[in-house]
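model.cif, holding mmCIF, C-alpha atoms and all ligand atoms:
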```cif
data_final
loop_
_atom_site.label_atom_id
_atom_site.label_comp_id
_atom_site.auth_asym_id
_atom_site.auth_seq_id
_atom_site.Cartn_x
_atom_site.Cartn_y
_atom_site.Cartn_z
CA MET A 1 56.74 221.90 32.46
CA ALA A 2 58.53 220.99 35.65
CA ASP A 3 57.83 222.41 39.09
CA LYS A 4 61.25 223.13 40.65
CA ASP A 5 60.12 222.09 44.14
CA CYS A 6 58.26 218.93 43.10
CA ILE A 7 59.84 215.66 44.22
CA PHE A 8 58.21 213.65 41.41
CA CYS A 9 59.43 216.16 38.77
CA LYS A 10 62.92 215.57 40.21
CA ILE A 11 62.46 211.79 39.90
CA ALA A 12 61.20 212.23 36.32
CA ARG A 13 64.39 214.17 35.49
CA HIS A 14 66.67 211.71 37.32
CA LYS A 15 67.71 214.48 39.73
CA ILE A 16 66.98 212.23 42.69
CA PRO A 17 67.34 208.45 42.61
CA SER A 18 64.45 206.02 42.35
CA LYS A 19 63.99 202.37 41.50
CA ILE A 20 62.67 202.78 37.97
CA VAL A 21 60.69 199.87 36.52
CA TYR A 22 59.54 201.57 33.29
CA GLU A 23 60.30 204.77 31.42
CA ASP A 24 59.50 206.35 28.08
CA GLU A 25 59.26 209.93 26.78
CA ASP A 26 55.93 210.56 28.54
CA ILE A 27 55.85 208.37 31.64
CA ILE A 28 58.06 207.09 34.43
CA ALA A 29 57.19 204.30 36.87
CA PHE A 30 59.20 203.60 40.02
CA ARG A 31 58.92 201.61 43.25
CA ASP A 32 57.25 203.40 46.15
CA ILE A 33 59.80 204.30 48.82
CA ASP A 34 57.37 203.11 51.55
CA PRO A 35 55.58 200.15 49.96
CA LYS A 36 52.13 199.18 51.29
CA ALA A 37 52.13 195.78 49.55
CA PRO A 38 54.68 193.38 47.99
CA VAL A 39 54.22 195.27 44.70
CA HIS A 40 53.77 199.04 45.05
CA ILE A 41 54.73 201.10 42.02
CA ILE A 42 54.07 204.78 41.30
CA LEU A 43 53.29 205.81 37.71
CA ILE A 44 53.49 209.48 36.74
CA PRO A 45 53.34 211.65 33.65
CA LYS A 46 56.71 213.41 33.25
CA THR A 47 54.96 216.76 32.90
CA HIS A 48 53.81 218.43 36.10
CA ILE A 49 50.06 218.02 36.56
CA PRO A 50 49.09 218.55 40.23
CA SER A 51 46.21 216.04 40.39
CA ILE A 52 43.17 214.63 38.57
CA LYS A 53 41.41 217.87 39.52
CA GLU A 54 43.56 219.85 37.07
CA LEU A 55 43.36 217.50 34.07
CA ILE A 56 42.55 219.08 30.72
CA GLU A 57 41.35 217.48 27.49
CA THR A 58 44.85 217.15 26.00
CA ASP A 59 45.89 215.04 29.03
CA GLU A 60 43.42 212.28 28.13
CA LYS A 61 45.93 210.39 25.99
CA ILE A 62 48.59 210.13 28.69
CA ILE A 63 46.08 208.97 31.29
CA GLY A 64 45.07 206.16 28.96
CA LYS A 65 48.72 205.32 28.32
CA ILE A 66 49.49 205.15 32.04
CA HIS A 67 46.75 202.53 32.42
CA ARG A 68 48.02 200.50 29.47
CA ILE A 69 51.56 200.57 30.90
CA SER A 70 50.11 199.52 34.28
CA GLN A 71 48.82 196.40 32.58
CA LYS A 72 52.30 195.64 31.24
CA ILE A 73 53.96 196.28 34.64
CA ALA A 74 51.37 194.07 36.38
CA GLU A 75 52.34 191.28 34.00
CA ASP A 76 56.07 191.90 34.55
CA GLU A 77 55.54 191.85 38.35
CA SER A 78 53.45 188.63 38.12
CA ILE A 79 50.30 190.16 39.64
CA ALA A 80 48.16 190.32 36.50
CA GLN A 81 46.39 187.05 37.34
CA SER A 82 46.21 187.42 41.14
CA GLY A 83 44.87 190.98 40.82
CA PHE A 84 45.89 194.51 41.61
CA ARG A 85 44.53 197.96 42.37
CA ILE A 86 45.22 201.35 40.74
CA VAL A 87 44.63 204.36 42.99
CA ALA A 88 44.95 208.10 42.45
CA ASN A 89 44.57 209.89 45.78
CA THR A 90 43.21 213.37 45.04
CA GLY A 91 43.09 216.18 47.59
CA PRO A 92 43.15 216.31 51.39
CA ASP A 93 40.39 213.80 52.23
CA ALA A 94 42.11 211.18 50.08
CA GLY A 95 45.46 211.89 51.74
CA GLN A 96 47.27 213.08 48.62
CA ALA A 97 50.78 213.87 49.91
CA VAL A 98 52.62 214.63 46.65
CA ALA A 99 51.07 217.30 44.40
CA HIS A 100 52.15 215.69 41.11
CA LEU A 101 49.54 213.41 39.54
CA HIS A 102 50.41 209.81 40.31
CA PHE A 103 48.80 206.41 40.15
CA HIS A 104 49.62 203.75 42.73
CA LEU A 105 49.77 200.23 41.29
CA ILE A 106 49.40 197.89 44.26
CA GLY A 107 49.25 194.11 44.44
CA GLY A 108 50.86 190.90 45.60
CA ARG A 109 48.52 190.40 48.55
CA LYS A 110 44.78 190.37 49.24
CA LEU A 111 43.60 194.01 49.33
CA SER A 112 40.72 194.92 51.61
CA TRP A 113 37.72 196.95 50.51
CA PRO A 114 36.45 199.58 51.27
CA PRO A 115 39.70 201.49 51.81
CA GLY A 116 40.13 203.27 55.14
P1 LIG B 201 50.01 209.98 47.93
O1 LIG B 201 49.81 209.85 49.41
O2 LIG B 201 48.91 209.37 47.11
O3 LIG B 201 50.33 211.40 47.53
O4 LIG B 201 51.27 209.08 47.60
C1 LIG B 201 52.56 209.54 47.58
C2 LIG B 201 53.43 208.30 47.56
O5 LIG B 201 54.73 208.66 47.14
C3 LIG B 201 53.58 207.63 48.94
O6 LIG B 201 53.15 206.26 48.86
C4 LIG B 201 55.08 207.74 49.24
O7 LIG B 201 55.59 206.62 49.92
C5 LIG B 201 55.67 207.88 47.84
N1 LIG B 201 56.92 208.60 47.76
C6 LIG B 201 57.23 209.80 48.31
N2 LIG B 201 58.49 210.14 48.03
C7 LIG B 201 59.00 209.14 47.26
C8 LIG B 201 60.26 208.91 46.64
N3 LIG B 201 61.27 209.78 46.74
N4 LIG B 201 60.42 207.77 45.93
C9 LIG B 201 59.43 206.87 45.82
N5 LIG B 201 58.21 207.04 46.37
C10 LIG B 201 58.00 208.15 47.10
ZN ZN B 202 55.91 217.65 39.50
#
```
Here is a file; write its structure as C-alpha cells.
Amino acid sequence: MADKDCIFCKIARHKIPSKIVYEDEDIIAFRDIDPKAPVHIILIPKTHIPSIKELIETDEKIIGKIHRISQKIAEDESIAQSGFRIVANTGPDAGQAVAHLHFHLIGGRKLSWPPG
C-alpha cells in the first residue's frame, strides 16, 4: 500500500524522478539527493512501511532481500572490498526524516565510528 503523501512511495512509483541504481518488483534503490559520501544509495521496499518499529513477520523476507541487493550494489559501485555501512535511522533520536523504511548504503571513504 502506498501513502499518498510519502516522498519515497512517489519515488517507488516513478511519480517523482530519482537516480535509480536497482529496481525489481519489491525494492527500489536510488542515489541520495544529498550524499554524505562518494557512494550514498537509499534502498527501500516499494510497499509503505514507516520504519523498523512497524515491521511484522511477513516483512522479514524483504528485509533480507534488501541486504542481499546491497551486497550486489556495493560490488557494482566498487566499494565491496574497501568497505561500506548500512544504516536505518529509526525515530527522532536517530534523525529519521522520511517516514518510509529505508536503508542508507554508504561508502567510498573512511567512515568514522561512533556516529554523531
Ligand atoms: P533519514 O534522515 O534517515 O530519514 O534519511 C532520509 C534521506 O533521504 C536523506 O539522506 C535525504 O537526503 C534523502 N532524500 C530525501 N528526499 C530525497 C529524494 N527526493 N531523492 C533522493 N534522496 C532523498
Ligand atoms: Zn511510503
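Of the listed residues A:His102, A:Lys65, A:Lys19, A:Arg31, the one whose atoms come nearest to ligand ZN 202 (chain B) is A:His102, with distances taken using all atoms listed in the file.
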Problem - Distance filter 8 Å around ligand LIG 201 (chain B), atoms: only C-alpha atoms and all ligand atoms, out as a list in words - result: Ile7, Phe8, Ile11, Ile16, Pro17, Ser18, Lys19, Phe30, Arg31, Asp32, Ile33, Asp34, Pro35, Lys36, Ile42, Val87, Ala88, Asn89, Thr90, Ala94, Gly95, Gln96, Ala97, Val98, Ala99, His100, His102, Phe103 and His104 of chain A
Exercise for the section: Step by step, measure atom-to-atom distances between ligand ZN 202 (chain B) and each residue using all atoms listed in the file, keep those at most 12 Å, then write them as a ChimeraX atom specification. Expected result: /A:1-13,28,44-51,98-102
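For the residues A:Lys110, A:Lys15, A:Gly116, A:Ile86, ranking by smallest atom-to-atom distance to A:His67 using only C-alpha atoms places A:Ile86 first.
Interatomic distance, atom CA of A:Val21 against atom CA of A:Ser78: 13.5 Å.
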